[in-house]
Amino acid sequence: MYSLFKKEIKTFLGSLIGYLAILVFLLVTGLFLWIFPGNYNIPESGYATLQGLFTLAPWLYLFLVPAITMRMFADEKRSGTIEILLTRPLADFQMVMAKFLAGLVLVVFSLLPTLLYFLSVYWLGNPVGSIDTGATWGSFMGLFFLATIYVAIGIFASSLTDNQIVSFIFGMSLSFIFYLGFEFVASAEVSYLLEQLFSWLSINDHYLSISRGVVDMRDILYFIGMAFLFLYGTTLILRKGKLRTTKAKVRAVVIPVVVLLVLAISSNFLYRIDLTAEKRYSLSEVSKQMVTGLEGPVEVELYLTGELEPGLRKIQNEVLEKIAVLNAYSSAPIRVRMFNPYSIGNIDKQEELIDDLVNKGVPRISFRHKTEQGIASKFIFPGAIIRYQNKELAVNFLKNNPYTSYENNFNHSVETIEYELVNAFRKLMRKQKSVLAFLQGHDEANQYEVADIARALSSDFEIDMMDAVDLKDSDVDILVIANPQKQFPETSKIALDQYLMKGGKLIWLIDPVQVSLDSLSKGFQTYSFPNDLNIGDQLFRYGVRLNYELLQDVNCIQIRVNTAAPGNPPRYTANPWYYSPLLTPNDDHPISRNLNWVKTEFVSSLDTVSSNSTISKEVILSTSPYARRIKAPSSVSLANINNPPARELFTQSNIPVGVLLEGVFTSNYKNRMVETYGYSSADIITESQPTQMIVIADGGMITNKVNYSTNPPKIQELGFDEVSGQVFGNKEFLINAISYLDDKQGIMQLRGRSLKMRLLDKVKLREEAAFWKWLNVLLPLLLVIVFALVYNLVRKYRYNRS
C-alpha cells in the first residue's frame with residue numbers, strides 16, 4: 001500500500017501537468033483574493049480574515065481536484081497496468097485508499113503556499129495579529145475535509161473510464177452536483193422532507209459551518225461517510241466480476257445502507273466545537289431553551305441579499321449561520337428563504353411590496369458602492385420577516401448609529417443578531433402580553449406626551465394609565481412614573497412602596513430641578529429651583545439620592561438663536577446649548593450597549609447610596625467626560641450662548657444620570673406608623689421579592705413634543721432634534737430598559753455580547769498596497785516553481801547515479 005502511495009506521489013510531482021494544475025490554482029486564488037475587485041478581495045473588504053479564501057476554494061477545487069485525480073485509475077486502464085495492480089497481494093480497498101491518500105496529500109501540498117495569505121493578513125491586522133487564529137485553522141480544517149470528499153469523487157470518476165479528459169469532466173460534474181446541485185433542488189418548491197434530504201446531501205450545507213471555524217461532528221461524519229461510500233463504490237467498479245454472486249450483491253447493498261443509516265442516526269446527535277476566539281457561533285443557554293419550545297415551523301424571509309458590500313455581506317453570513325445553529329437545537333424546523341424585492345419585474349408590484357415591508361418594520365436604507373461607472377447608490381433591506389403560527393414580526397439586523405464608524409455599526413449589528421432572532425421568537429411564542437402602566441395623579445406626562453413610546457411598546461405590552469391607589473389589586477407588571485410635577489402624598493408613596501414589595505417593576509423619570517421654559521422663551525433669563533416631590537426619602541431608602549442641580553455638558557445639542565444686531569432682519573444660527581446634554585449610555589450593560597446618545601434638557605444627577613447590601617446598582621446613563629454641575633437655585637440664561645462658560649470648568653467625567661437597581665428592597669414604611677394613611681402595620685410588606693427598578697434624573701427624556709393646534713394633536717418622534725435632523729437614542733434606550741425589566745428568561749443578556757472588531761491596517765494597506773498584493777500573487781507561484789526544479793534535479797541526480 002505504501003509503495004503504491006509513494007508511486008502516485010512521485011508520478012504527480014514528476015509531471016508537468018501536476019505542477020501546472022497547482023500553479024493555475026494558486027494564480028487564480030491570488031488574483032481573486034488580492035488583485036481583482038469583488039466579494040473575495042481581502043484588502044477591499046477591510047477585515048482581517050481569510051473568509052474570501054474559504055468561500056472561493058470550493059469552486060477552485062472543482063477544477064484542481066479532478067485534475068489531480070483524473071489519471072489515477074484512468075491512466076492505469078489506458079496503459080494496461082490495472083490488471084497488474086489487481087493481481088498484486090493487496091486488498092482492493094487498500095489499493096483505492098493508497099491512491100486516495102496520495103490525492104489528499106497532493107491537495108494539501110497545493111494548499112501549503114496559501115499559508116502566506118494567513119501570514120500577510122496577520123501582519124496587516126490592526127493591531128498586528130488581530131486575525132482570529134482559531135477560526136482560521138478551523139476553516140483550513142474545513143478545506144481538508146472538503147478535499148476528502150472531492151478526492152473520493154475524483155477517484156470514483158477515474159475508475160469509470162480509461163480517458164483522463166472524460167475522468168476530469170465527470171469528476172468535476174459530479175463534485176458540482178454534490179456541492180450545489182442538491183442545494184438548488186432543495187431550494188425549489190419541494191416538500192419539507194425532500195428539502196431536508198437534498199440539503200443534507202449537499203456538500204455546501206455541511207461545509208458552511210466548518211468554513212467559519214465551527215467543527216460539528218455531524219459534518220465531520222458526513223464528509224468521512226460520503227468519502228467512504230465513493231471509495232467503496234470504486235472498489236466495486238474495479239472488480240465488477242465479483243458482483244455476479246448473490247453474497248457480493250447483498251454486501252454491495254448492505255454496506256452503503258448501513259453507512260447511510262449511521263449517518264442519519266448521527267445527525268440527531270449534536271456536538272459542536274466553536275474554534276472562534278469569542279465563541280461567536282456558540283448559542284447561549286437561553287437561546288437553546290427558547291427554540292426547544294417552538295411548537296411549529298418557523299419561516300425567516302431574509303431580504304438582505306443581492307450584491308452587498310463586505311460589511312453587509314458579513315451580516316448576511318452571520319444571520320444565516322446563526323439561523324442554522326438555532327435550527328440545529330430547535331424542536332421544530334426553522335427555514336430560511338432569501339428574497340430580493342428588486343427581483344420582481346413589475347415595477348408597481350415591486351413598489352407595493354417595498355411599501356408593505358417598510359410599513360411592517362423592515363428598513364430600507366441607501367448605501368453608496370463602487371461600480372465600473374463610478375460611485376452609485378443602492379437601496380437594501382437589512383432585515384427579515386419571521387413567521388410563526390399565523391403571526392409575523394419584522395426584524396432589523398443593521399444597527400446604524402450616525403455618530404460611530406460604519407465598521408463599528410457592522411460589528412454591533414453582528415453582536416446583536418442572536419438577540420434579535422431569539423427576541424423575535426419570544427414575541428411570536430408569547431401567549432399573553434405583560435401590562436405596562438403610566439402613573440397618573442401627580443401631574444405626570446399626559447397620554448399625548450408619552451404617545452410615541454406607548455405606540456412603540458403597544459405590540460409587546462398592554463398599555464394603561466393608572467392612579468397609585470388602584471395599584472393594590474392591579475395586575476400591572478411595570479409602572480412608569482413619567483415626569484411628575486406635584487408632590488406625592490403619603491398614600492401614593494405607600495401604594496408605590498407596596499407595589500414594589502410585591503415584586504412590581506418601577507421606572508422613575510424625575511426632574512429634581514424645575515426650570516420654567518415659558519419664562520426662558522419670553523426672555524433671555526429664568527431661574528432653576530429645587531423640585532421637591534416628597535419622594536426623596538423613599539428613593540434614598542431604595543438606594544438612590546437625587547441631586548438638586550443642573551448639569552452642563554460640552555457634548556450637547558444645538559439650538560437656533562437670533563444673532564442679528566438690533567434693527568436688522570432675524571438671522572438664526574445654531575449654537576451649542578450646554579443645558580441639553582447628550583447623555584452616554586453605558587456600553588457594558590445590555591440595556592444601553594451600542595446605543596446612540598440620549599437627548600435631554602435641564603437634566604440633573606443622582607448618586608447611589610449604600611442603604612441595602614442586597615441591592616446591586618449599575619449606572620446605565622451618564623454625561624460625557626466633559627461636564628460640570630450647577631447647584632439650584634441658579635439662573636439659566638440664553639446669554640450663555642454668546643458668553644459660554646470657560647472650557648476649563650468642564651472637568652467632571654461621567655456624572656451618573658440613570659441607574660439600575662436590582663435585588664431585595666426594604667420598605668420605606670418598615671417600623672413606621674401607617675394607620676393614619678388607611679393602612680395597618682400588620683399588612684405592610686417590609687421586604688420585597690427580588691425585583692428591579694430604574695431611576696433617571698430627567699423627567700422629559702420620555703416625553704415627545706406635541707402640537708396641540710391640530711385635531712388630533714400631532715405627535716413628534718421621541719428623541720428627534722429639529723436642528724440636526726437626527727433622531728437620538730431616547731426611544732431605543734427606554735424600550736430596552738422596559739424590555740429588561742420584563743425579561744423573565746434572560747434574553748436581554750444577549751445584547752451584552754461583545755465581539756472583537758478585526759480590521760486591516762488602512763494606512764499600511766494604502767502605503768504598501770502594491771507590495772502585499774504582488775507578494776501574495778507571485779511568491780506562492782515562485783515557491784512551487786523552485787520546489788519543482790529542486791525536486792526534479794535531485795530526482796535526476798539520483799537516477800543518473802543509479
# chains A, B, ... in the order shown; residues from 1 in each chain; ligands from 1
call {"tool": "residues_around", "arguments": {"residues": "A:Pro690", "least_positions_apart": "2", "cutoff": "12 Å", "atoms": "only C-alpha atoms", "output": "ChimeraX atom specification"}}
result
/A:500-505,614-616,661-666,687-688,692-693,741
call {"tool": "residues_around", "arguments": {"residues": "A:Ala445", "least_positions_apart": "2", "cutoff": "8 Å", "atoms": "only C-alpha atoms", "output": "PyMOL selection string"}}
result
chain A and resi 443+447-450+482-484+703
call {"tool": "write_last_selection", "arguments": {"atoms": "C-alpha atoms", "output": "mmCIF file, in the first residue's frame"}}
result
data_model
loop_
_atom_site.group_PDB
_atom_site.id
_atom_site.type_symbol
_atom_site.label_atom_id
_atom_site.label_comp_id
_atom_site.auth_asym_id
_atom_site.auth_seq_id
_atom_site.Cartn_x
_atom_site.Cartn_y
_atom_site.Cartn_z
ATOM 1 C CA ASP A 443 -49.399 65.953 37.072
ATOM 2 C CA GLN A 447 -51.224 60.474 27.046
ATOM 3 C CA TYR A 448 -50.105 62.678 24.155
ATOM 4 C CA GLU A 449 -46.683 63.397 25.681
ATOM 5 C CA VAL A 450 -45.929 59.677 26.020
ATOM 6 C CA ALA A 482 -43.080 59.929 33.829
ATOM 7 C CA ASN A 483 -42.153 63.479 34.778
ATOM 8 C CA PRO A 484 -44.433 64.215 37.784
ATOM 9 C CA THR A 703 -41.833 62.825 26.550
#
call {"tool": "closest_residue", "arguments": {"among": "A:Ile481, A:Ile494, A:Leu550, A:Gln558", "to": "A:Ile696", "atoms": "only C-alpha atoms"}}
result
A:Ile481
call {"tool": "closest_residue", "arguments": {"among": "A:Thr573, A:Ile507, A:Ile785, A:Thr491", "to": "A:Val674", "atoms": "only C-alpha atoms"}}
result
A:Thr491
call {"tool": "residues_around", "arguments": {"residues": "A:Ser458", "least_positions_apart": "5", "cutoff": "12 Å", "atoms": "only C-alpha atoms", "output": "PDB file with N, CA and C atoms, in the first residue's frame"}}
result
ATOM      1  N   LYS A 433     -49.644  39.204  26.723  1.00  0.00           N
ATOM      2  CA  LYS A 433     -48.796  40.384  26.875  1.00  0.00           C
ATOM      3  C   LYS A 433     -48.683  40.786  28.341  1.00  0.00           C
ATOM      4  N   SER A 434     -47.543  41.366  28.690  1.00  0.00           N
ATOM      5  CA  SER A 434     -47.389  41.981  30.004  1.00  0.00           C
ATOM      6  C   SER A 434     -48.133  43.316  30.026  1.00  0.00           C
ATOM      7  N   VAL A 435     -48.413  43.805  31.238  1.00  0.00           N
ATOM      8  CA  VAL A 435     -49.148  45.061  31.405  1.00  0.00           C
ATOM      9  C   VAL A 435     -48.187  46.151  31.862  1.00  0.00           C
ATOM     10  N   LEU A 436     -48.176  47.245  31.135  1.00  0.00           N
ATOM     11  CA  LEU A 436     -47.367  48.411  31.487  1.00  0.00           C
ATOM     12  C   LEU A 436     -48.290  49.592  31.702  1.00  0.00           C
ATOM     13  N   ALA A 437     -48.113  50.272  32.835  1.00  0.00           N
ATOM     14  CA  ALA A 437     -48.986  51.403  33.156  1.00  0.00           C
ATOM     15  C   ALA A 437     -48.155  52.657  33.388  1.00  0.00           C
ATOM     16  N   VAL A 450     -46.597  60.989  26.031  1.00  0.00           N
ATOM     17  CA  VAL A 450     -45.929  59.677  26.020  1.00  0.00           C
ATOM     18  C   VAL A 450     -46.466  58.810  24.884  1.00  0.00           C
ATOM     19  N   ALA A 451     -47.104  59.454  23.914  1.00  0.00           N
ATOM     20  CA  ALA A 451     -47.765  58.703  22.839  1.00  0.00           C
ATOM     21  C   ALA A 451     -46.773  57.908  21.996  1.00  0.00           C
ATOM     22  N   ASP A 452     -45.600  58.477  21.706  1.00  0.00           N
ATOM     23  CA  ASP A 452     -44.668  57.793  20.808  1.00  0.00           C
ATOM     24  C   ASP A 452     -44.083  56.554  21.466  1.00  0.00           C
ATOM     25  N   ILE A 453     -43.663  56.662  22.720  1.00  0.00           N
ATOM     26  CA  ILE A 453     -43.102  55.483  23.390  1.00  0.00           C
ATOM     27  C   ILE A 453     -44.193  54.448  23.635  1.00  0.00           C
ATOM     28  N   ILE A 463     -51.067  48.614  27.366  1.00  0.00           N
ATOM     29  CA  ILE A 463     -50.750  49.936  27.904  1.00  0.00           C
ATOM     30  C   ILE A 463     -51.951  50.463  28.680  1.00  0.00           C
ATOM     31  N   ASP A 464     -51.665  51.052  29.862  1.00  0.00           N
ATOM     32  CA  ASP A 464     -52.746  51.579  30.702  1.00  0.00           C
ATOM     33  C   ASP A 464     -52.264  52.851  31.388  1.00  0.00           C
ATOM     34  N   ILE A 735     -37.069  51.611  25.482  1.00  0.00           N
ATOM     35  CA  ILE A 735     -37.631  50.299  25.118  1.00  0.00           C
ATOM     36  C   ILE A 735     -36.752  49.188  25.681  1.00  0.00           C
TER      37      ILE A 735
END
call {"tool": "residues_around", "arguments": {"residues": "A:Asn268", "least_positions_apart": "3", "cutoff": "9 Å", "atoms": "only C-alpha atoms", "output": "list in words"}}
result
Arg218, Ala264, Ile265 and Ala328 of chain A
call {"tool": "write_last_selection", "arguments": {"atoms": "N, CA and C atoms", "output": "PDB file, in the first residue's frame"}}
result
ATOM      1  N   ARG A 218     -21.490  16.145  13.218  1.00  0.00           N
ATOM      2  CA  ARG A 218     -22.362  15.654  12.145  1.00  0.00           C
ATOM      3  C   ARG A 218     -21.761  15.945  10.771  1.00  0.00           C
ATOM      4  N   ALA A 264     -27.508   8.953   9.202  1.00  0.00           N
ATOM      5  CA  ALA A 264     -28.831   9.502   9.517  1.00  0.00           C
ATOM      6  C   ALA A 264     -29.052   9.551  11.023  1.00  0.00           C
ATOM      7  N   ILE A 265     -28.645   8.492  11.720  1.00  0.00           N
ATOM      8  CA  ILE A 265     -28.821   8.466  13.184  1.00  0.00           C
ATOM      9  C   ILE A 265     -27.921   9.491  13.847  1.00  0.00           C
ATOM     10  N   ALA A 328     -30.435  23.791  14.484  1.00  0.00           N
ATOM     11  CA  ALA A 328     -29.841  22.542  14.975  1.00  0.00           C
ATOM     12  C   ALA A 328     -30.374  22.187  16.362  1.00  0.00           C
TER      13      ALA A 328
END
call {"tool": "atom_distance", "arguments": {"atom1": "atom CA of A:Ser634", "atom2": "atom CA of A:Phe540"}}
result
24.4 Å
call {"tool": "closest_residue", "arguments": {"among": "A:Val609, A:Gly18, A:Arg560, A:Thr676", "to": "A:Val723", "atoms": "only C-alpha atoms"}}
result
A:Arg560
call {"tool": "select_by_dssp", "arguments": {"residues": "stretch 232-344 of chain A", "states": "alpha helix (DSSP H)", "output": "compact mmCIF listing (two decimals) with N, CA and C atoms, in the first residue's frame"}}
result
# COMPACT_ATOMS: atom_id res chain seq x y z
N TYR A 232 -15.74 3.03 -1.63
CA TYR A 232 -16.28 1.67 -1.70
C TYR A 232 -16.87 1.41 -3.08
N GLY A 233 -17.56 2.41 -3.63
CA GLY A 233 -18.09 2.29 -4.99
C GLY A 233 -16.99 2.07 -6.01
N THR A 234 -15.82 2.68 -5.78
CA THR A 234 -14.68 2.49 -6.67
C THR A 234 -14.20 1.06 -6.66
N THR A 235 -14.16 0.45 -5.46
CA THR A 235 -13.72 -0.96 -5.38
C THR A 235 -14.70 -1.87 -6.11
N LEU A 236 -15.97 -1.57 -6.07
CA LEU A 236 -16.97 -2.38 -6.77
C LEU A 236 -16.79 -2.29 -8.29
N ILE A 237 -16.49 -1.09 -8.77
CA ILE A 237 -16.31 -0.89 -10.21
C ILE A 237 -15.06 -1.61 -10.70
N LEU A 238 -13.99 -1.58 -9.88
CA LEU A 238 -12.74 -2.23 -10.30
C LEU A 238 -12.90 -3.75 -10.37
N THR A 246 -24.46 -13.83 -5.35
CA THR A 246 -25.52 -13.23 -4.52
C THR A 246 -24.93 -12.58 -3.27
N LYS A 247 -23.94 -13.25 -2.70
CA LYS A 247 -23.32 -12.72 -1.48
C LYS A 247 -22.69 -11.36 -1.73
N ALA A 248 -22.01 -11.20 -2.85
CA ALA A 248 -21.36 -9.93 -3.19
C ALA A 248 -22.41 -8.84 -3.44
N LYS A 249 -23.51 -9.24 -4.11
CA LYS A 249 -24.57 -8.25 -4.37
C LYS A 249 -25.20 -7.76 -3.07
N VAL A 250 -25.46 -8.69 -2.15
CA VAL A 250 -26.05 -8.31 -0.86
C VAL A 250 -25.12 -7.38 -0.11
N ARG A 251 -23.81 -7.73 -0.10
CA ARG A 251 -22.84 -6.90 0.59
C ARG A 251 -22.74 -5.52 -0.05
N ALA A 252 -22.83 -5.47 -1.38
CA ALA A 252 -22.75 -4.17 -2.08
C ALA A 252 -23.93 -3.26 -1.73
N VAL A 253 -25.05 -3.87 -1.34
CA VAL A 253 -26.22 -3.08 -0.95
C VAL A 253 -26.20 -2.78 0.55
N VAL A 254 -25.86 -3.79 1.35
CA VAL A 254 -25.94 -3.65 2.80
C VAL A 254 -24.95 -2.60 3.33
N ILE A 255 -23.71 -2.64 2.85
CA ILE A 255 -22.69 -1.71 3.39
C ILE A 255 -23.09 -0.25 3.18
N PRO A 256 -23.47 0.18 1.96
CA PRO A 256 -23.91 1.58 1.82
C PRO A 256 -25.14 1.92 2.67
N VAL A 257 -26.09 0.97 2.77
CA VAL A 257 -27.28 1.23 3.58
C VAL A 257 -26.91 1.41 5.04
N VAL A 258 -26.02 0.57 5.55
CA VAL A 258 -25.58 0.69 6.95
C VAL A 258 -24.89 2.03 7.18
N VAL A 259 -24.02 2.41 6.24
CA VAL A 259 -23.31 3.70 6.38
C VAL A 259 -24.30 4.86 6.39
N LEU A 260 -25.26 4.82 5.48
CA LEU A 260 -26.26 5.89 5.42
C LEU A 260 -27.12 5.92 6.68
N LEU A 261 -27.46 4.76 7.22
CA LEU A 261 -28.23 4.71 8.46
C LEU A 261 -27.44 5.30 9.63
N VAL A 262 -26.16 4.95 9.68
CA VAL A 262 -25.31 5.52 10.74
C VAL A 262 -25.25 7.03 10.62
N LEU A 263 -25.10 7.54 9.40
CA LEU A 263 -25.07 8.99 9.19
C LEU A 263 -26.41 9.63 9.55
N ALA A 264 -27.51 8.95 9.20
CA ALA A 264 -28.83 9.50 9.52
C ALA A 264 -29.05 9.55 11.02
N ILE A 265 -28.64 8.49 11.72
CA ILE A 265 -28.82 8.47 13.18
C ILE A 265 -27.92 9.49 13.85
N SER A 266 -26.69 9.60 13.36
CA SER A 266 -25.74 10.55 13.97
C SER A 266 -26.17 12.00 13.79
N GLU A 285 -27.46 29.45 26.56
CA GLU A 285 -28.45 28.50 27.08
C GLU A 285 -29.86 29.03 26.89
N VAL A 286 -30.04 30.34 27.05
CA VAL A 286 -31.39 30.90 26.92
C VAL A 286 -31.90 30.75 25.49
N SER A 287 -31.00 30.85 24.51
CA SER A 287 -31.40 30.66 23.11
C SER A 287 -31.79 29.21 22.84
N LYS A 288 -31.03 28.29 23.41
CA LYS A 288 -31.35 26.87 23.23
C LYS A 288 -32.72 26.55 23.83
N GLN A 289 -32.96 27.08 25.03
CA GLN A 289 -34.24 26.83 25.69
C GLN A 289 -35.40 27.44 24.89
N MET A 290 -35.15 28.60 24.30
CA MET A 290 -36.22 29.28 23.57
C MET A 290 -36.63 28.47 22.34
N VAL A 291 -35.66 28.01 21.56
CA VAL A 291 -36.01 27.31 20.31
C VAL A 291 -36.50 25.89 20.57
N THR A 292 -36.13 25.30 21.71
CA THR A 292 -36.69 23.98 22.02
C THR A 292 -38.16 24.08 22.39
N PRO A 310 -18.72 44.43 1.77
CA PRO A 310 -18.19 43.43 2.72
C PRO A 310 -18.89 43.42 4.08
N GLY A 311 -19.15 44.61 4.66
CA GLY A 311 -19.78 44.65 5.97
C GLY A 311 -21.17 44.05 5.96
N LEU A 312 -21.97 44.40 4.95
CA LEU A 312 -23.33 43.86 4.84
C LEU A 312 -23.30 42.37 4.52
N ARG A 313 -22.33 41.97 3.71
CA ARG A 313 -22.21 40.54 3.41
C ARG A 313 -21.84 39.76 4.67
N LYS A 314 -21.04 40.38 5.52
CA LYS A 314 -20.68 39.74 6.79
C LYS A 314 -21.92 39.55 7.66
N ILE A 315 -22.78 40.58 7.70
CA ILE A 315 -24.02 40.47 8.47
C ILE A 315 -24.89 39.36 7.90
N GLN A 316 -24.99 39.31 6.57
CA GLN A 316 -25.80 38.27 5.93
C GLN A 316 -25.29 36.88 6.30
N ASN A 317 -23.98 36.67 6.21
CA ASN A 317 -23.41 35.36 6.55
C ASN A 317 -23.66 35.00 8.01
N GLU A 318 -23.52 36.00 8.88
CA GLU A 318 -23.74 35.74 10.31
C GLU A 318 -25.19 35.39 10.59
N VAL A 319 -26.12 36.05 9.92
CA VAL A 319 -27.54 35.74 10.10
C VAL A 319 -27.83 34.30 9.67
N LEU A 320 -27.33 33.92 8.51
CA LEU A 320 -27.56 32.57 8.00
C LEU A 320 -26.93 31.52 8.92
N GLU A 321 -25.72 31.80 9.40
CA GLU A 321 -25.06 30.85 10.30
C GLU A 321 -25.82 30.73 11.62
N LYS A 322 -26.26 31.88 12.16
CA LYS A 322 -26.97 31.85 13.44
C LYS A 322 -28.29 31.10 13.31
N ILE A 323 -29.00 31.29 12.21
CA ILE A 323 -30.25 30.57 12.00
C ILE A 323 -29.98 29.07 11.88
N ALA A 324 -28.89 28.71 11.21
CA ALA A 324 -28.53 27.28 11.08
C ALA A 324 -28.26 26.66 12.44
N VAL A 325 -27.59 27.41 13.32
CA VAL A 325 -27.30 26.89 14.66
C VAL A 325 -28.59 26.78 15.47
N LEU A 326 -29.45 27.80 15.38
CA LEU A 326 -30.73 27.74 16.08
C LEU A 326 -31.56 26.56 15.60
N ASN A 327 -31.52 26.32 14.31
CA ASN A 327 -32.27 25.20 13.73
C ASN A 327 -31.74 23.85 14.24
N ALA A 328 -30.43 23.79 14.48
CA ALA A 328 -29.84 22.54 14.97
C ALA A 328 -30.37 22.19 16.36
N TYR A 329 -30.69 23.17 17.18
CA TYR A 329 -31.19 22.93 18.54
C TYR A 329 -32.72 22.98 18.61
call {"tool": "atom_distance", "arguments": {"atom1": "atom CA of A:Tyr626", "atom2": "atom CA of A:Tyr579"}}
result
13.0 Å
call {"tool": "atom_distance", "arguments": {"atom1": "atom CA of A:Asp553", "atom2": "atom CA of A:Tyr406"}}
result
26.0 Å
call {"tool": "closest_atom_pairs", "arguments": {"of": "stretch 529-613 of chain A", "to": "stretch 407-412 of chain A", "cutoff": "10 Å", "atoms": "only C-alpha atoms", "output": "Markdown table"}}
result
| residue | atom | partner | partner_atom | distance |
| --- | --- | --- | --- | --- |
| A:Arg593 | CA | A:His412 | CA | 9.1 |
| A:Asn594 | CA | A:His412 | CA | 6.5 |
| A:Leu595 | CA | A:His412 | CA | 9.6 |
call {"tool": "closest_residue", "arguments": {"among": "A:Leu4, A:Val395, A:Leu119, A:Ala147", "to": "A:Val358", "atoms": "only C-alpha atoms"}}
result
A:Val395
call {"tool": "residues_around", "arguments": {"residues": "A:Ser159", "least_positions_apart": "2", "cutoff": "9 Å", "atoms": "only C-alpha atoms", "output": "PyMOL selection string"}}
result
chain A and resi 70+72-74+77+154-157+161-162+167+234-235+237-238
call {"tool": "write_last_selection", "arguments": {"atoms": "C-alpha atoms", "output": "short mmCIF file (atom, residue, chain, number, x, y, z; two decimals), in the first residue's frame"}}
result
data_model
loop_
_atom_site.label_atom_id
_atom_site.label_comp_id
_atom_site.auth_asym_id
_atom_site.auth_seq_id
_atom_site.Cartn_x
_atom_site.Cartn_y
_atom_site.Cartn_z
CA MET A 70 -8.15 12.16 -13.25
CA MET A 72 -5.10 7.68 -11.04
CA PHE A 73 -7.16 4.81 -12.45
CA ALA A 74 -7.89 6.09 -15.97
CA LYS A 77 -6.66 1.32 -17.51
CA GLY A 154 -12.45 12.23 -8.37
CA ILE A 155 -11.07 8.71 -7.82
CA PHE A 156 -14.54 7.25 -8.34
CA ALA A 157 -14.82 9.16 -11.64
CA THR A 161 -13.10 5.32 -17.77
CA ASP A 162 -9.69 4.97 -19.37
CA SER A 167 -12.49 11.41 -15.97
CA THR A 234 -14.68 2.49 -6.67
CA THR A 235 -13.72 -0.96 -5.38
CA ILE A 237 -16.31 -0.89 -10.21
CA LEU A 238 -12.74 -2.23 -10.30
#
call {"tool": "residues_around", "arguments": {"residues": "A:Phe182", "least_positions_apart": "6", "cutoff": "7 Å", "atoms": "only C-alpha atoms", "output": "list in words"}}
result
Phe198, Ser199, Leu201 and Ser202 of chain A
call {"tool": "select_by_dssp", "arguments": {"residues": "stretch 664-706 of chain A", "states": "strand (DSSP E or B)", "output": "PDB file with C-alpha atoms, in the first residue's frame"}}
result
ATOM      1  CA  THR A 666     -36.524  47.289  52.148  1.00  0.00           C
ATOM      2  CA  GLU A 687     -39.009  43.143  52.400  1.00  0.00           C
ATOM      3  CA  THR A 691     -37.218  42.818  41.733  1.00  0.00           C
ATOM      4  CA  GLN A 692     -35.798  45.759  39.776  1.00  0.00           C
ATOM      5  CA  MET A 693     -36.211  49.472  39.289  1.00  0.00           C
ATOM      6  CA  ILE A 694     -34.644  52.170  37.158  1.00  0.00           C
ATOM      7  CA  VAL A 695     -34.227  55.775  38.308  1.00  0.00           C
ATOM      8  CA  ILE A 696     -33.433  58.561  35.822  1.00  0.00           C
ATOM      9  CA  VAL A 706     -46.899  67.677  20.856  1.00  0.00           C
TER      10      VAL A 706
END
